[in-house]
Amino acid sequence: MSTRINRREFLFGSAMTAVGVALSACARQAAPQPTQPPATKAAVQASPTPIPTQAATATPVPTAVPAKEAPALAELVKQGKLPPLTDRLPKNPLVLAPVNEIGTYGGRIRTFYHWQGFWAECQYGHSAVRWINDGMEIAPGICDTWSANADNTEWTFHIREGLKWSDGEPCTVDDVLYWWEDLVLNQDHPDQPPDFGSAGGKLVEFIKVDDYTVKLKYIEPTPLTAKRLAMWVNAGIGPRWIVPKHYLKQFHPKYNSEYKDFEVHDQKMSVMENPEYPTLNPWKLSKYEASVSQTWDRNPYYYAVDTEGNQLPYIDGIDATYIEDAEVQKLTIMQGSVDFVHFHKAALSDLSTMLENQEKGGYDVVLWDSGSGTGMMYFWNYDHPDDKRRALYRNPKFKRAMSHALDRPTIQRVVYYNTGILTTGTMSPKAIEFNFNAEAQAMYEKARSAYVDYDPAKAKALLDEIGVKDVDGDGWREFPDGSKLAVSIDIPADAGTECMSVLQIAEKNWKDIGLNIVINQMPPAEFGPLWRGGKLEIHTNWEVGDGPDHLLYPSWMVPNEPDRWAPLCGNRLMLVGTPKEDTELDKSPWDRTPPRWASTEPGYKDGPVAKLTEIYLKAMIEVDELKRHHMVWDMINIHIDDGPFFIGTVANYPRIIFKSKKLGNVPKKEQLRLGGFVNPWIIPYPAVTNPETYYFKA
């Protein structure tokens, strides 16, 4: 069993980071100047697009057009129950352009969910800045401007003046500082510093400039800060960065002696379960029954308008019913009882049936790209405790043999219905390092195709080369020393249909080249601790979907935590610069707490992970975007030359979206910059498509 150090322990207990400080000295260069985002929708650009540091895309409400609002809100204003719209909007509202046309007010979206965060993920209202164009650029959110100094050690964010919470109370920098000072820095509260909350092993300093301006000050360059703030939706999903102080402080032990802990406080701090909780989202939860339903109603203080000055959202509310069963979900859609849903259990195998019932059910099937870099994938435990097995699972020829043995064309046909891209396995093909110019696209093709060919003869030859042969004539290959070899595919017992369908083909493929495959299913609760402790063999039931920048969620590229292909290496990197780094040397790496390598040990220092880590640490503080992209390419080349470290099957298969035929401004695939980027959580689909501009046609 492994004991994991958490981020709070890592940062608060750190004496930190001589390594990071030394690296920063060689990376302090002038930041790229902000530019207007390009107007073209083409994926290939002449040069990388610098991240804009001013609100170039947030134009003011046209002064010649009086702002308008939903009739129901206008009636409340008339009755004196709500302030006028001009008093509810900030001075500079966020302007969102509908994808097709200006909408009309009214109607409610009927939907279902089997996970309560579904509609919370659809709303981007709490985010400082937002991804646009499938992660190729960043635009304003609740902050209308932001900037960085030349070496990216200081970032300044300006919240829209006059911004209000859904209960009409002002939203200011004090709400940011409450989250940071009273929750994150409070040792008794579980909130931990997010990725943008530290650099060089030291916590960022939040400085209040005025009521609407906050400065983030770091000890070394943090060129990814704006991108990190665009990740997730920064409310119910992903790390918070702003919360309503005026509401929550009444439950905080510091401000109310009636409370001795944070149990009530944190129950109240939920946009998904607490109808009282003030929000910045387009819709506010008004009713919640656990495992029954959610009701969301228009936020009268939402800070966005369309290009004609109409306050958003157009749609009055959302009525969501809890439906767990996949067949009931599909039947509900086909009966015409759903207006929009993207988080459902319908699979590609259901596509023909769902298409056949479109007209009868009054819905459209929309296919957006998943953005997956692998489809269902496999990765070896680079840090297995058995010396022979670890050497085998680190041997590039063994892993390439398993890759070439995979019949991906059959997997594509049977499981993915001839969609997607055959792939060795990469980060998302939508990532900027694969898209910003022709050289980037060539790098994707190189990585995708490295060991993708279905070639059982080549796979057998590679195994023969490394001495993995059938020496006793029983039909199964042995270890190079002649001892028995069984290769375990470890999966949690709740693995999904896609996992099992791909595994059925893969198991046969690997047995056909003489590998004795053993399927090891285990309780999900046992799986994670065993993997993080380095005790299992080959992991599946996952995919790689991460982007839009390799460095934002880099765990597949460089082991920086223990859940992926090198658990002990990941634990090591988490402890770099802390007092626990390179300690417990009298114990086996697997018996340390947490299990980890020391930097001087042969199992780590001479391998590719050390090279990946060195590049990664430099890239994280490199302010020149083009140089960072080249560093990422260097890391990808290590994956090609010394790997693969994980193997995929079919990338970028489509995701099925269901929408009412009456629902307008839901973009088609061709209207999305890269065709869609649905799967990774850090690109919050469909929030990036601006559901507040969806509307019902007459």
# chains A, B, ... in the order shown; residues from 1 in each chain; ligands from 1

$ residues_around --residues "Pro221 (chain A)" --least-positions-apart "4" --cutoff "6 Å" --atoms "only C-alpha atoms" --output "PyMOL selection string"
chain A and resi 151-153+621

$ write_last_selection --atoms "N, CA and C atoms" --output "PDB file, in the first residue's frame"
ATOM      1  N   ASP A 151       9.226  38.883 -17.358  1.00  0.00           N
ATOM      2  CA  ASP A 151       9.720  37.526 -17.090  1.00  0.00           C
ATOM      3  C   ASP A 151       8.639  36.603 -16.526  1.00  0.00           C
ATOM      4  N   ASN A 152       7.398  37.058 -16.581  1.00  0.00           N
ATOM      5  CA  ASN A 152       6.263  36.216 -16.174  1.00  0.00           C
ATOM      6  C   ASN A 152       6.318  35.795 -14.702  1.00  0.00           C
ATOM      7  N   THR A 153       6.929  36.619 -13.860  1.00  0.00           N
ATOM      8  CA  THR A 153       6.918  36.337 -12.426  1.00  0.00           C
ATOM      9  C   THR A 153       5.775  37.059 -11.718  1.00  0.00           C
ATOM     10  N   ILE A 621       9.330  27.010 -16.910  1.00  0.00           N
ATOM     11  CA  ILE A 621       9.690  28.398 -16.608  1.00  0.00           C
ATOM     12  C   ILE A 621      10.193  29.141 -17.837  1.00  0.00           C
TER      13      ILE A 621
END

$ select_by_dssp --residues "region 287-490 of chain A" --states "strand (DSSP E)" --output "MDAnalysis selection string"
chainID A and resid 287:289 293:298 304:305 317:322 340:341 363:369 377:380 421:422 486:490

$ write_last_selection --atoms "N, CA and C atoms" --output "compact mmCIF listing (two decimals), in the first residue's frame"
# COMPACT_ATOMS: atom_id res chain seq x y z
N LYS A 287 -33.28 24.02 -7.15
CA LYS A 287 -33.84 22.88 -6.43
C LYS A 287 -32.98 21.67 -6.70
N TYR A 288 -32.73 20.88 -5.65
CA TYR A 288 -31.90 19.69 -5.80
C TYR A 288 -32.44 18.58 -4.92
N GLU A 289 -32.67 17.42 -5.53
CA GLU A 289 -33.01 16.21 -4.79
C GLU A 289 -32.00 15.15 -5.19
N SER A 293 -33.30 14.76 -9.09
CA SER A 293 -33.38 15.83 -10.08
C SER A 293 -32.60 17.06 -9.64
N GLN A 294 -32.32 17.89 -10.61
CA GLN A 294 -31.76 19.23 -10.40
C GLN A 294 -32.59 20.21 -11.22
N THR A 295 -32.84 21.38 -10.64
CA THR A 295 -33.51 22.46 -11.36
C THR A 295 -32.62 23.68 -11.32
N TRP A 296 -32.35 24.24 -12.49
CA TRP A 296 -31.50 25.42 -12.62
C TRP A 296 -32.31 26.55 -13.24
N ASP A 297 -32.21 27.74 -12.69
CA ASP A 297 -32.92 28.90 -13.21
C ASP A 297 -31.95 30.02 -13.56
N ARG A 298 -32.42 30.90 -14.42
CA ARG A 298 -31.62 32.02 -14.92
C ARG A 298 -31.03 32.85 -13.77
N ALA A 304 -22.78 38.47 -18.84
CA ALA A 304 -22.51 38.40 -20.27
C ALA A 304 -23.72 38.86 -21.08
N VAL A 305 -23.43 39.44 -22.24
CA VAL A 305 -24.45 39.87 -23.20
C VAL A 305 -24.07 39.37 -24.58
N GLY A 317 -34.14 28.18 -18.07
CA GLY A 317 -33.64 27.25 -17.07
C GLY A 317 -33.44 25.85 -17.61
N ILE A 318 -33.01 24.98 -16.73
CA ILE A 318 -32.71 23.59 -17.09
C ILE A 318 -33.39 22.69 -16.07
N ASP A 319 -34.06 21.66 -16.56
CA ASP A 319 -34.68 20.66 -15.72
C ASP A 319 -33.99 19.33 -16.00
N ALA A 320 -33.23 18.85 -15.03
CA ALA A 320 -32.41 17.65 -15.20
C ALA A 320 -32.91 16.54 -14.30
N THR A 321 -33.13 15.37 -14.88
CA THR A 321 -33.60 14.20 -14.16
C THR A 321 -32.48 13.18 -14.05
N TYR A 322 -32.36 12.56 -12.90
CA TYR A 322 -31.33 11.54 -12.69
C TYR A 322 -31.76 10.24 -13.37
N PHE A 340 -31.07 18.62 -24.76
CA PHE A 340 -29.61 18.65 -24.94
C PHE A 340 -28.98 17.71 -23.92
N VAL A 341 -28.03 16.90 -24.38
CA VAL A 341 -27.23 16.09 -23.46
C VAL A 341 -25.95 15.68 -24.17
N TYR A 363 -35.05 15.14 -32.49
CA TYR A 363 -33.71 15.52 -32.06
C TYR A 363 -32.72 15.37 -33.20
N ASP A 364 -31.58 16.00 -33.06
CA ASP A 364 -30.47 15.86 -33.99
C ASP A 364 -29.31 15.17 -33.29
N VAL A 365 -28.61 14.33 -34.03
CA VAL A 365 -27.36 13.75 -33.55
C VAL A 365 -26.22 14.60 -34.08
N VAL A 366 -25.44 15.16 -33.17
CA VAL A 366 -24.31 16.00 -33.53
C VAL A 366 -23.04 15.25 -33.12
N LEU A 367 -22.07 15.18 -34.00
CA LEU A 367 -20.80 14.50 -33.69
C LEU A 367 -19.70 15.54 -33.55
N TRP A 368 -19.19 15.68 -32.34
CA TRP A 368 -18.03 16.51 -32.08
C TRP A 368 -16.83 15.60 -31.86
N ASP A 369 -15.63 16.06 -32.24
CA ASP A 369 -14.43 15.27 -32.01
C ASP A 369 -14.17 15.11 -30.51
N MET A 377 -6.41 2.55 -24.02
CA MET A 377 -4.95 2.44 -24.07
C MET A 377 -4.42 1.54 -22.97
N TYR A 378 -3.09 1.26 -23.07
CA TYR A 378 -2.39 0.38 -22.13
C TYR A 378 -1.07 1.02 -21.74
N PHE A 379 -0.68 0.85 -20.49
CA PHE A 379 0.67 1.27 -20.11
C PHE A 379 1.25 0.33 -19.08
N TRP A 380 2.56 0.09 -19.25
CA TRP A 380 3.31 -0.83 -18.40
C TRP A 380 3.75 -0.11 -17.12
N ILE A 421 -8.55 7.84 -35.66
CA ILE A 421 -7.23 7.75 -36.26
C ILE A 421 -6.44 6.64 -35.57
N LEU A 422 -5.91 5.71 -36.34
CA LEU A 422 -5.04 4.70 -35.73
C LEU A 422 -3.82 5.39 -35.14
N ALA A 486 4.25 -14.82 -17.45
CA ALA A 486 2.83 -14.51 -17.64
C ALA A 486 2.68 -13.00 -17.54
N VAL A 487 2.00 -12.40 -18.50
CA VAL A 487 1.84 -10.94 -18.56
C VAL A 487 0.44 -10.60 -18.08
N SER A 488 0.37 -9.86 -16.98
CA SER A 488 -0.92 -9.53 -16.36
C SER A 488 -1.45 -8.19 -16.86
N ILE A 489 -2.70 -8.20 -17.33
CA ILE A 489 -3.41 -6.96 -17.66
C ILE A 489 -4.33 -6.67 -16.49
N ASP A 490 -4.04 -5.61 -15.77
CA ASP A 490 -4.74 -5.30 -14.53
C ASP A 490 -5.86 -4.31 -14.79

$ residues_around --residues "Ile640 (chain A)" --least-positions-apart "2" --cutoff "10 Å" --atoms "only C-alpha atoms" --output "PyMOL selection string"
chain A and resi 396+424+446-451+634-638+642-645

$ residues_around --residues "region 217-220 of chain A" --least-positions-apart "3" --cutoff "8 Å" --atoms "only C-alpha atoms" --output "PyMOL selection string"
chain A and resi 20-21+24+152-155+198-200+202-207+621

$ closest_residue --among "A:Val666, A:Ala401, A:Leu355, A:Ala651" --to "Tyr444 (chain A)" --atoms "only C-alpha atoms"
A:Ala651

$ select_by_dssp --residues "region 55-163 of chain A" --states "helix (DSSP H, G or I)" --output "MDAnalysis selection string"
chainID A and resid 71:78 85:88 118:121 133:135

$ closest_atom_pairs --of "region 198-280 of chain A" --to "region 531-553 of chain A" --cutoff "9 Å" --atoms "only C-alpha atoms" --output "JSON lines"
{"residue": "A:Leu224", "atom": "CA", "partner": "A:Leu552", "partner_atom": "CA", "distance": 7.4}
{"residue": "A:Lys227", "atom": "CA", "partner": "A:Leu552", "partner_atom": "CA", "distance": 7.6}
{"residue": "A:Arg228", "atom": "CA", "partner": "A:Leu552", "partner_atom": "CA", "distance": 6.7}
{"residue": "A:Met231", "atom": "CA", "partner": "A:Leu552", "partner_atom": "CA", "distance": 8.6}

$ atom_distance --atom1 "CA of Asp174 (chain A)" --atom2 "CA of Arg160 (chain A)"
13.5 Å

$ atom_distance --atom1 "CA of Lys81 (chain A)" --atom2 "CA of Ser127 (chain A)"
28.5 Å

$ atom_distance --atom1 "CA of Thr104 (chain A)" --atom2 "CA of Asn299 (chain A)"
16.5 Å

$ residues_around --residues "Arg413 (chain A)" --least-positions-apart "5" --cutoff "12 Å" --atoms "only C-alpha atoms" --output "number ranges by chain"
A: 348-349, 407-408, 418-422, 501-502, 505, 649-650, 653

$ residues_around --residues "region 462-464 of chain A" --least-positions-apart "5" --cutoff "8 Å" --atoms "only C-alpha atoms" --output "ChimeraX atom specification"
/A:397-398,400-401,469

$ closest_residue --among "A:Leu503, A:Asp182, A:Pro244, A:Val452" --to "Asn520 (chain A)" --atoms "only C-alpha atoms"
A:Leu503

$ residues_around --residues "Arg596 (chain A)" --least-positions-apart "2" --cutoff "7 Å" --atoms "only C-alpha atoms" --output "list in words"
Leu568, Cys569, Asn571, Arg572, Pro589, Trp590, Arg592, Pro594 and Ala598 of chain A

$ closest_atom_pairs --of "region 138-216 of chain A" --to "region 273-276 of chain A" --cutoff "12 Å" --atoms "only C-alpha atoms" --output "tab-separated table"
residue	atom	partner	partner_atom	distance
A:Trp165	CA	A:Glu276	CA	11.7
A:Ser166	CA	A:Glu276	CA	9.8
A:Asp167	CA	A:Glu276	CA	9.1
